[in-house]
Amino acid sequence: MTNPAVPAPAGTAVSQRKGAAVALASDLDEQHDAVREPVLSIRSISKGFGAVRALTDIDLDVYPGEVVALVGDNGAGKSTLVKILAGVHPADSGVITFNGAQVSIPSPTASRELGIATVFQDLALCDNLDVVANLFLGRERGGVLVDEELMEEQAWTLLRQLSAKIPSVRIAVASLSGGQRQTVAIARSLIGEPRVVILDEPTAALGVAQTAEVLNLIERLRERGLGVILISHNMADVQAVADRVVVLRLGRNNGVFRTADVTYEDIVAAITGATDNPVSSRSAANSAGKDAE
Amino acid sequence: MSEHTKDNSAPTTIAVDLQDERVMRGEGLGGVVRGFGTRVRTGDLGSLPVFLGLIVIWVVFQILNPRFLSATNLVDLTLQCAALGVIALGVVVVLLVAQIDLSIGSLAGLSSAILGVAFISWQWPIWAAVVVALLVGAAIGYVYGFLFTRFGVPTFVVTLAGLMGFLGLQLWVLGPTGTINLPYNSWIVQFATTWFLPPWLAYTVAGLVVLAIVFTDVSKARRRAKSGLSTGPVSLIVIKAVVIAVVAAAAITWLATNRGVAVSFLLFIVLVAVMALLLTRTRWGRWVYAVGGNEEAARRAGINVKGIYISALMVGTVLATLGGLMLAARLTAASISTGGGTTNLVAIAAAVIGGTSLFGGRGSAWSALLGIFVIQSIDNGLTLLSLDSSVRFMVTGAVLLLAVIIDSLSRRSRAQHGQA
């Protein structure tokens with residue numbers, strides 16, 4: 001313990017539990033394997049940009065009907081991993097298995113066609129088009145002329161399944177709130193019947209009620225049997241919906257936790273890679289200050 | 001669906017798209033009228049200001065000079081609108097993808113020069129000269145698109161270079177004489193000056209159009225009802241059809257007291273209608289709006305963004321060359337001044353006055369029709385008042401400014417009402 005402000009018992013507890021959690025995670029994987037195959041499984045993925053090793057030997061499994069939170073500090077490699085899965089960058093080495101078959105993802109189209117839908121942080125919606133046009137953009141239904149009625153009907157069916165609160169699908173996306181726009185973006189990713197949905201910071205810019213709306217939506221994706229990879233900096237959101245938490249640190253795996261068995265401090269410790277991290281010392285200093293009073 | 005209706009009484013009467021309590025439900029015709037009033041108040045003006053503006057312009061000119069609304073003058077007006085309207089239609093498509101084509105005037109001039117030289121000097125058949133001119137237009141549009149998508153040169157600059165370059169090419173093609181007269185008895189000149197629909201044919205065409213509109217509306221309502229979506233009131237379909245039929249019949253009857261409906265004007269209307277269909281009901285049109293609204297979103301949706309840019313620029317250049325051919329045919333000559341002067345700015349101004357946004361993603365093919373009517377009505381009216389061209393330019397400039405101000409105000413109002 002370099003920081004005297006941290007009470008010794010708490011520090012040992014964290015380090016003990018971290019070791020236990022890693023062991024537990026491998027148990028978890030074995031349990032899963034006994035029941036069913038992961039829909040997406042990556043092994044030893046590495047990626048470098050010039051002299052920088054962005055990712056080194058990353059492993060990740062996503063099972064159907066499971067929400068996996070991918071957490072880590074800025075620069076931990078979350079975005080790089082997502083971009084590899086979305087087909088934006090190719091991986092330098094490693095194996096990606098999708099649906100039991102080894103695959104390569106050279107382009108965004110290839111990723112989509114495999115059944116991986118990625119919702120990036122900047123939702124990429126066309127503000128001037130209405131909800132129906134945005135949902136089906138690039139996948140319009142119909143023959144020579146687009147079938148507006150069929151698309152509108154399917155849009156309503158999909159939005160009702162997600163219990164989405166969109167008042168009308170014939171208004172421009174510009175007039176929707178942030179949460180509704182996120183809903184449209186997530187609903188759009190489902191149009192191609194994906195098996196895995198990757199959500200990049202879906203609640204980053206949202207208010208309390210809208211965040212709850214999106215979290216409900218994520219649970220509904222899980223109920224549909226989809227594998228969900230959730231990238232978030234918000235530990236409350238992660239603990240609210242994720243089944244497992246995968247921590248990346250400096251481009252390496254730094255622990256896999258089952259959300260039910262892990263505390264906020266454990267995840268923070270794994271993210272920052274130390275028990276004497278600024279977050280823990282702040283809370284420790286606060287509690288120490290209170291004790292002194 | 002049956003389970004759905006059993007446990008909940010509301011959906012049995014309310015369509016799928018109107019179940020949200022926040023959606024304002026207007027019942028019947030009154031609801032449609034109230035909905036329109038709400039849209040206008042919140043700044044979603046559509047083409048209403050242009051329409052009202054056109055009526056004001058016509059009333060004012062009619063008061064100033066009773067010959068303005070005479071059949072003779074209105075027939076002249078339709079002839080003046082056709083060629084520039086076709087060019088403006090191309091500008092609309094280019095503006096929709098948030099680009100601009102400044103070289104349309106030079107392209108119109110170049111195509112008229114090609115027609116003159118190929119038809120008169122080389123003795124080609126007219127159709128061959130027309131096809132070559134249109135192919136040249138398409139090729140130029142492709143080159144613009146290639147330079148823009150491959151090297152990222154802004155279309156403003158590419159087409160500015162085109163403006164000067166193709167003006168030079170036009171002068172070079174025409175040679176030292178500078179003017180090539182087209183014989184008055186050639187079909188292309190006849191087409192632009194003396195071909196008019198006989199009244200019975202004009203009425204038949206208008207009748208078929210109204211029937212087609214009713215058929216589309218009814219089949220659309222039927223498909224919506226089948227999908228469990230809301231349908232507008234039947235009375236609206238009837239009223240719309242009756243209004244269009246009455247206006248068309250009145251216009252044809254009035255124009256028929258003079259020469260009638262010009263075939264070149266009919267061609268313009270048909271092109272506008274076809275473009276409106278392409279833009280609103282096909283994938284290509286949807287993608288044009290998407291690229292103009294958010295290029296990155298369109299790319300991520302798997303749309304061939306480069307292809308959309310190139311095709312939109314090609315539509316702009318092809319329609320500009322077609323407009324140039326119509327200009328030359330109407331003036332019975334290909335000269336160095338064809339497509340020069342104000343052609344460029346009139347066509348772009350028409351698209352903007354008609355309600356197409358300069359910033360992409362907003363507008364419709366019909367804005368070319370409305371816009372060119374406004375500009376040519378002003379031009380025609382001021383000419384009737386024997387006012388100097390100096391006044392005409394200043395008035396047209398003021399109207400353009402007014403149109404853009406109205407557009408900006410309605411945009412701000414839309415933003416305030418959350419509909420930007």
# chains A, B, ... in the order shown; residues from 1 in each chain; ligands from 1
$ select_by_dssp --residues "region 58-128 of chain A" --states "strand (DSSP E or B)" --output "list in words"
Ile58, Asp59, Leu60, Asp61, Val62, Glu66, Val67, Val68, Ala69, Leu70, Val71, Ser93, Gly94, Val95, Ile96, Thr97, Phe98, Ala101, Gln102, Val103, Ile116, Ala117, Thr118 and Val119 of chain A
$ residues_around --residues "region 204-216 of chain B" --least-positions-apart "5" --cutoff "8 Å" --atoms "only C-alpha atoms" --output "list of chain:residue names"
B:Ile237, B:Val238, B:Ala241, B:Ile244, B:Ala245, B:Ala248, B:Ala249
$ residues_around --residues "region 52-65 of chain A" --least-positions-apart "2" --cutoff "6 Å" --atoms "only C-alpha atoms" --output "list in words"
Pro38, Val39, Leu40, Ser41, Ile42, Arg43, Ser44, Ile45, Ser46, Lys47, Gly48, Phe49, Gly50, Gly77, Arg222, Gly225, Leu226, Gly227, Gly251, Arg252 and Asn253 of chain A
$ write_last_selection --atoms "C-alpha atoms" --output "PDB file, in the first residue's frame"
ATOM      1  CA  PRO A  38     -21.238 -18.674 -27.728  1.00  0.00           C
ATOM      2  CA  VAL A  39     -22.646 -16.842 -30.745  1.00  0.00           C
ATOM      3  CA  LEU A  40     -19.515 -14.709 -31.015  1.00  0.00           C
ATOM      4  CA  SER A  41     -16.152 -15.789 -29.733  1.00  0.00           C
ATOM      5  CA  ILE A  42     -12.837 -14.053 -30.261  1.00  0.00           C
ATOM      6  CA  ARG A  43      -9.483 -15.451 -29.282  1.00  0.00           C
ATOM      7  CA  SER A  44      -6.048 -13.792 -29.097  1.00  0.00           C
ATOM      8  CA  ILE A  45      -7.024 -10.772 -31.150  1.00  0.00           C
ATOM      9  CA  SER A  46      -4.159  -8.315 -31.567  1.00  0.00           C
ATOM     10  CA  LYS A  47      -4.048  -5.038 -33.380  1.00  0.00           C
ATOM     11  CA  GLY A  48      -1.315  -2.457 -33.730  1.00  0.00           C
ATOM     12  CA  PHE A  49      -1.225   1.009 -35.183  1.00  0.00           C
ATOM     13  CA  GLY A  50       2.391   1.658 -36.126  1.00  0.00           C
ATOM     14  CA  GLY A  77      -8.870  -0.497 -26.691  1.00  0.00           C
ATOM     15  CA  ARG A 222     -31.622  -9.853 -24.478  1.00  0.00           C
ATOM     16  CA  GLY A 225     -32.124 -13.941 -27.624  1.00  0.00           C
ATOM     17  CA  LEU A 226     -29.570 -11.562 -29.082  1.00  0.00           C
ATOM     18  CA  GLY A 227     -26.018 -11.266 -27.845  1.00  0.00           C
ATOM     19  CA  GLY A 251      -5.121  -3.229 -24.718  1.00  0.00           C
ATOM     20  CA  ARG A 252      -5.201  -6.424 -22.627  1.00  0.00           C
ATOM     21  CA  ASN A 253      -7.901  -8.445 -20.880  1.00  0.00           C
TER      22      ASN A 253
END
$ select_by_dssp --residues "region 51-193 of chain B" --states "alpha helix (DSSP H)" --output "PyMOL selection string"
chain B and resi 51-64+71-96+104-116+126-151+155-174+187-193
$ residues_around --residues "region 270-274 of chain A" --least-positions-apart "4" --cutoff "8 Å" --atoms "only C-alpha atoms" --output "ChimeraX atom specification"
/A:18,71-73,247-249,254-255,266
$ write_last_selection --atoms "all heavy atoms" --output "mmCIF file, in the first residue's frame"
data_model
loop_
_atom_site.group_PDB
_atom_site.id
_atom_site.type_symbol
_atom_site.label_atom_id
_atom_site.label_comp_id
_atom_site.auth_asym_id
_atom_site.auth_seq_id
_atom_site.Cartn_x
_atom_site.Cartn_y
_atom_site.Cartn_z
ATOM 1 N N LYS A 18 -10.268 -9.780 -6.632
ATOM 2 C CA LYS A 18 -9.940 -9.698 -8.052
ATOM 3 C C LYS A 18 -9.452 -11.058 -8.554
ATOM 4 O O LYS A 18 -9.894 -11.554 -9.584
ATOM 5 C CB LYS A 18 -8.866 -8.630 -8.276
ATOM 6 C CG LYS A 18 -8.593 -8.382 -9.742
ATOM 7 C CD LYS A 18 -7.430 -7.429 -9.910
ATOM 8 C CE LYS A 18 -6.796 -7.636 -11.263
ATOM 9 N NZ LYS A 18 -5.494 -6.994 -11.342
ATOM 10 N N VAL A 71 -15.838 -2.676 -20.610
ATOM 11 C CA VAL A 71 -15.463 -1.436 -19.939
ATOM 12 C C VAL A 71 -13.952 -1.284 -19.933
ATOM 13 O O VAL A 71 -13.205 -2.245 -20.118
ATOM 14 C CB VAL A 71 -16.000 -1.378 -18.484
ATOM 15 C CG1 VAL A 71 -17.512 -1.439 -18.464
ATOM 16 C CG2 VAL A 71 -15.400 -2.485 -17.654
ATOM 17 N N GLY A 72 -13.522 -0.072 -19.691
ATOM 18 C CA GLY A 72 -12.097 0.227 -19.666
ATOM 19 C C GLY A 72 -11.926 1.722 -19.778
ATOM 20 O O GLY A 72 -12.834 2.416 -20.238
ATOM 21 N N ASP A 73 -10.743 2.180 -19.357
ATOM 22 C CA ASP A 73 -10.490 3.612 -19.412
ATOM 23 C C ASP A 73 -10.331 4.071 -20.855
ATOM 24 O O ASP A 73 -10.253 3.247 -21.766
ATOM 25 C CB ASP A 73 -9.210 3.938 -18.627
ATOM 26 C CG ASP A 73 -9.549 4.696 -17.359
ATOM 27 O OD1 ASP A 73 -10.596 5.357 -17.367
ATOM 28 O OD2 ASP A 73 -8.771 4.605 -16.390
ATOM 29 N N VAL A 247 -13.342 -6.444 -18.691
ATOM 30 C CA VAL A 247 -12.545 -5.242 -18.474
ATOM 31 C C VAL A 247 -11.315 -5.275 -19.377
ATOM 32 O O VAL A 247 -10.611 -6.283 -19.436
ATOM 33 C CB VAL A 247 -12.103 -5.127 -16.998
ATOM 34 C CG1 VAL A 247 -11.293 -3.858 -16.793
ATOM 35 C CG2 VAL A 247 -13.310 -5.160 -16.085
ATOM 36 N N LEU A 248 -11.096 -4.212 -20.093
ATOM 37 C CA LEU A 248 -9.871 -4.057 -20.873
ATOM 38 C C LEU A 248 -9.007 -3.015 -20.181
ATOM 39 O O LEU A 248 -9.508 -2.031 -19.632
ATOM 40 C CB LEU A 248 -10.171 -3.581 -22.296
ATOM 41 C CG LEU A 248 -10.982 -4.493 -23.211
ATOM 42 C CD1 LEU A 248 -10.977 -3.930 -24.625
ATOM 43 C CD2 LEU A 248 -10.438 -5.900 -23.200
ATOM 44 N N ARG A 249 -7.699 -3.254 -20.198
ATOM 45 C CA ARG A 249 -6.786 -2.254 -19.657
ATOM 46 C C ARG A 249 -5.534 -2.247 -20.507
ATOM 47 O O ARG A 249 -4.899 -3.286 -20.693
ATOM 48 C CB ARG A 249 -6.447 -2.584 -18.208
ATOM 49 C CG ARG A 249 -5.423 -1.637 -17.627
ATOM 50 C CD ARG A 249 -5.285 -1.804 -16.128
ATOM 51 N NE ARG A 249 -3.938 -1.388 -15.736
ATOM 52 C CZ ARG A 249 -3.532 -0.124 -15.758
ATOM 53 N NH1 ARG A 249 -4.341 0.835 -16.139
ATOM 54 N NH2 ARG A 249 -2.289 0.174 -15.403
ATOM 55 N N ASN A 254 -8.309 -7.609 -18.637
ATOM 56 C CA ASN A 254 -7.940 -7.407 -17.234
ATOM 57 C C ASN A 254 -9.075 -7.867 -16.327
ATOM 58 O O ASN A 254 -9.424 -7.182 -15.384
ATOM 59 C CB ASN A 254 -7.591 -5.931 -17.004
ATOM 60 C CG ASN A 254 -6.710 -5.759 -15.785
ATOM 61 O OD1 ASN A 254 -5.909 -6.636 -15.475
ATOM 62 N ND2 ASN A 254 -6.877 -4.656 -15.081
ATOM 63 N N GLY A 255 -9.645 -9.016 -16.659
ATOM 64 C CA GLY A 255 -10.653 -9.579 -15.777
ATOM 65 C C GLY A 255 -12.014 -9.681 -16.419
ATOM 66 O O GLY A 255 -12.405 -8.841 -17.214
ATOM 67 N N ASP A 266 -14.634 -3.137 -7.291
ATOM 68 C CA ASP A 266 -13.867 -4.190 -7.959
ATOM 69 C C ASP A 266 -13.660 -3.844 -9.427
ATOM 70 O O ASP A 266 -12.563 -3.992 -9.973
ATOM 71 C CB ASP A 266 -14.615 -5.533 -7.885
ATOM 72 C CG ASP A 266 -14.764 -6.011 -6.456
ATOM 73 O OD1 ASP A 266 -13.986 -5.536 -5.609
ATOM 74 O OD2 ASP A 266 -15.659 -6.845 -6.207
#
$ residues_around --residues "region 322-327 of chain B" --least-positions-apart "6" --cutoff "6 Å" --atoms "only C-alpha atoms" --output "PDB file with N, CA, C and O atoms, in the first residue's frame"
ATOM      1  N   ALA B  83     -37.890  25.900 -71.100  1.00  0.00           N
ATOM      2  CA  ALA B  83     -36.460  25.591 -71.206  1.00  0.00           C
ATOM      3  C   ALA B  83     -35.737  25.832 -69.882  1.00  0.00           C
ATOM      4  O   ALA B  83     -35.031  24.950 -69.362  1.00  0.00           O
ATOM      5  N   VAL B  86     -36.594  23.316 -67.175  1.00  0.00           N
ATOM      6  CA  VAL B  86     -35.892  22.030 -67.273  1.00  0.00           C
ATOM      7  C   VAL B  86     -34.512  22.148 -66.632  1.00  0.00           C
ATOM      8  O   VAL B  86     -34.072  21.264 -65.883  1.00  0.00           O
ATOM      9  N   ILE B  87     -33.822  23.278 -66.896  1.00  0.00           N
ATOM     10  CA  ILE B  87     -32.501  23.478 -66.286  1.00  0.00           C
ATOM     11  C   ILE B  87     -32.636  23.562 -64.763  1.00  0.00           C
ATOM     12  O   ILE B  87     -31.863  22.952 -64.018  1.00  0.00           O
ATOM     13  N   ALA B 108     -25.691  24.685 -71.216  1.00  0.00           N
ATOM     14  CA  ALA B 108     -26.820  24.942 -72.116  1.00  0.00           C
ATOM     15  C   ALA B 108     -26.292  25.555 -73.414  1.00  0.00           C
ATOM     16  O   ALA B 108     -26.698  25.148 -74.513  1.00  0.00           O
ATOM     17  N   GLY B 109     -25.372  26.511 -73.282  1.00  0.00           N
ATOM     18  CA  GLY B 109     -24.791  27.139 -74.471  1.00  0.00           C
ATOM     19  C   GLY B 109     -24.022  26.138 -75.317  1.00  0.00           C
ATOM     20  O   GLY B 109     -24.150  26.095 -76.549  1.00  0.00           O
ATOM     21  N   SER B 111     -24.431  22.894 -75.501  1.00  0.00           N
ATOM     22  CA  SER B 111     -25.296  21.926 -76.184  1.00  0.00           C
ATOM     23  C   SER B 111     -25.986  22.589 -77.382  1.00  0.00           C
ATOM     24  O   SER B 111     -26.172  21.948 -78.425  1.00  0.00           O
ATOM     25  N   SER B 112     -26.351  23.881 -77.237  1.00  0.00           N
ATOM     26  CA  SER B 112     -26.960  24.554 -78.389  1.00  0.00           C
ATOM     27  C   SER B 112     -25.942  24.674 -79.519  1.00  0.00           C
ATOM     28  O   SER B 112     -26.282  24.509 -80.699  1.00  0.00           O
TER      29      SER B 112
END
$ closest_residue --among "B:Ala290, B:Met394, B:Ala350, B:Val132" --to "chain A" --atoms "only C-alpha atoms"
B:Ala290
$ closest_atom_pairs --of "chain A" --to "chain B" --cutoff "10 Å" --atoms "only C-alpha atoms" --output "JSON lines"
{"residue": "A:Pro108", "atom": "CA", "partner": "B:Arg300", "partner_atom": "CA", "distance": 8.0}
{"residue": "A:Thr109", "atom": "CA", "partner": "B:Gly302", "partner_atom": "CA", "distance": 7.0}
{"residue": "A:Arg112", "atom": "CA", "partner": "B:Gly302", "partner_atom": "CA", "distance": 9.5}
{"residue": "A:Phe120", "atom": "CA", "partner": "B:Arg300", "partner_atom": "CA", "distance": 9.9}
{"residue": "A:Asp122", "atom": "CA", "partner": "B:Ala297", "partner_atom": "CA", "distance": 9.2}
{"residue": "A:Leu123", "atom": "CA", "partner": "B:Ala297", "partner_atom": "CA", "distance": 8.0}
{"residue": "A:Ala124", "atom": "CA", "partner": "B:Ala297", "partner_atom": "CA", "distance": 4.2}
{"residue": "A:Leu125", "atom": "CA", "partner": "B:Ala297", "partner_atom": "CA", "distance": 5.6}
{"residue": "A:Cys126", "atom": "CA", "partner": "B:Asn294", "partner_atom": "CA", "distance": 5.2}
{"residue": "A:Asp127", "atom": "CA", "partner": "B:Gly293", "partner_atom": "CA", "distance": 6.4}
{"residue": "A:Asn128", "atom": "CA", "partner": "B:Gly293", "partner_atom": "CA", "distance": 5.7}
{"residue": "A:Leu129", "atom": "CA", "partner": "B:Ala290", "partner_atom": "CA", "distance": 7.1}
{"residue": "A:Ala133", "atom": "CA", "partner": "B:Arg286", "partner_atom": "CA", "distance": 7.7}
{"residue": "A:Asn134", "atom": "CA", "partner": "B:Ala290", "partner_atom": "CA", "distance": 8.6}
{"residue": "A:Leu135", "atom": "CA", "partner": "B:Ala301", "partner_atom": "CA", "distance": 9.7}
{"residue": "A:Phe136", "atom": "CA", "partner": "B:Ala301", "partner_atom": "CA", "distance": 8.9}
{"residue": "A:Leu137", "atom": "CA", "partner": "B:Ala301", "partner_atom": "CA", "distance": 6.1}
{"residue": "A:Gly138", "atom": "CA", "partner": "B:Ala301", "partner_atom": "CA", "distance": 5.3}
{"residue": "A:Arg139", "atom": "CA", "partner": "B:Ala301", "partner_atom": "CA", "distance": 8.2}
{"residue": "A:Glu140", "atom": "CA", "partner": "B:Arg283", "partner_atom": "CA", "distance": 6.8}
{"residue": "A:Arg141", "atom": "CA", "partner": "B:Arg283", "partner_atom": "CA", "distance": 9.1}
{"residue": "A:Gly142", "atom": "CA", "partner": "B:Thr282", "partner_atom": "CA", "distance": 9.2}
{"residue": "A:Gly143", "atom": "CA", "partner": "B:Thr282", "partner_atom": "CA", "distance": 8.8}
{"residue": "A:Val144", "atom": "CA", "partner": "B:Thr282", "partner_atom": "CA", "distance": 6.5}
{"residue": "A:Leu145", "atom": "CA", "partner": "B:Thr282", "partner_atom": "CA", "distance": 4.9}
{"residue": "A:Val146", "atom": "CA", "partner": "B:Thr282", "partner_atom": "CA", "distance": 5.6}
{"residue": "A:Asp147", "atom": "CA", "partner": "B:Arg281", "partner_atom": "CA", "distance": 8.2}
{"residue": "A:Glu148", "atom": "CA", "partner": "B:Arg281", "partner_atom": "CA", "distance": 8.3}
{"residue": "A:Glu149", "atom": "CA", "partner": "B:Arg224", "partner_atom": "CA", "distance": 5.7}
{"residue": "A:Leu150", "atom": "CA", "partner": "B:Ser227", "partner_atom": "CA", "distance": 7.0}
{"residue": "A:Met151", "atom": "CA", "partner": "B:Ser227", "partner_atom": "CA", "distance": 9.8}
{"residue": "A:Glu152", "atom": "CA", "partner": "B:Leu229", "partner_atom": "CA", "distance": 8.2}
{"residue": "A:Glu153", "atom": "CA", "partner": "B:Ser227", "partner_atom": "CA", "distance": 6.0}
{"residue": "A:Gln154", "atom": "CA", "partner": "B:Ser227", "partner_atom": "CA", "distance": 9.2}
{"residue": "A:Ala155", "atom": "CA", "partner": "B:Asp17", "partner_atom": "CA", "distance": 9.7}
{"residue": "A:Trp156", "atom": "CA", "partner": "B:Asp17", "partner_atom": "CA", "distance": 7.1}
{"residue": "A:Thr157", "atom": "CA", "partner": "B:Val16", "partner_atom": "CA", "distance": 8.9}
{"residue": "A:Arg160", "atom": "CA", "partner": "B:Val16", "partner_atom": "CA", "distance": 9.8}
{"residue": "A:Lys165", "atom": "CA", "partner": "B:Asp20", "partner_atom": "CA", "distance": 8.2}
{"residue": "A:Ile166", "atom": "CA", "partner": "B:Asp20", "partner_atom": "CA", "distance": 7.9}
{"residue": "A:Pro167", "atom": "CA", "partner": "B:Asp20", "partner_atom": "CA", "distance": 5.4}
{"residue": "A:Ser168", "atom": "CA", "partner": "B:Asp17", "partner_atom": "CA", "distance": 6.5}
{"residue": "A:Val169", "atom": "CA", "partner": "B:Asp17", "partner_atom": "CA", "distance": 7.5}
{"residue": "A:Arg170", "atom": "CA", "partner": "B:Asp17", "partner_atom": "CA", "distance": 8.8}
{"residue": "A:Ile171", "atom": "CA", "partner": "B:Gln419", "partner_atom": "CA", "distance": 8.2}
{"residue": "A:Ala172", "atom": "CA", "partner": "B:Gln419", "partner_atom": "CA", "distance": 6.8}
{"residue": "A:Val173", "atom": "CA", "partner": "B:Gln419", "partner_atom": "CA", "distance": 8.3}
{"residue": "A:Ala174", "atom": "CA", "partner": "B:Ala420", "partner_atom": "CA", "distance": 5.8}
{"residue": "A:Ser175", "atom": "CA", "partner": "B:Gln419", "partner_atom": "CA", "distance": 4.5}
{"residue": "A:Leu176", "atom": "CA", "partner": "B:Gly418", "partner_atom": "CA", "distance": 7.7}
{"residue": "A:Ser177", "atom": "CA", "partner": "B:Gly418", "partner_atom": "CA", "distance": 9.1}
{"residue": "A:Arg188", "atom": "CA", "partner": "B:Ala301", "partner_atom": "CA", "distance": 9.7}
{"residue": "A:Ser189", "atom": "CA", "partner": "B:Ala301", "partner_atom": "CA", "distance": 9.8}
$ closest_residue --among "B:Gly175, B:Pro125, B:Pro199, B:Gly85" --to "Phe268 (chain B)" --atoms "only C-alpha atoms"
B:Gly85
$ closest_residue --among "B:Leu236, B:Gly397, B:Thr338, B:Ala349" --to "Gly31 (chain B)" --atoms "only C-alpha atoms"
B:Leu236
$ atom_distance --atom1 "CA of Gly100 (chain A)" --atom2 "CA of Ile229 (chain A)"
18.1 Å
$ residues_around --residues "Asn216 (chain A)" --least-positions-apart "3" --cutoff "10 Å" --atoms "only C-alpha atoms" --output "list in words"
Leu162, Ser163, Ala164, Gln210, Thr211, Ala212, Glu213, Glu219, Arg220, Leu221, Arg222, Ala240 and Val241 of chain A
$ atom_distance --atom1 "CA of Trp124 (chain B)" --atom2 "CA of Ser337 (chain B)"
23.1 Å
$ atom_distance --atom1 "CA of Ser106 (chain B)" --atom2 "CA of Met164 (chain B)"
7.5 Å
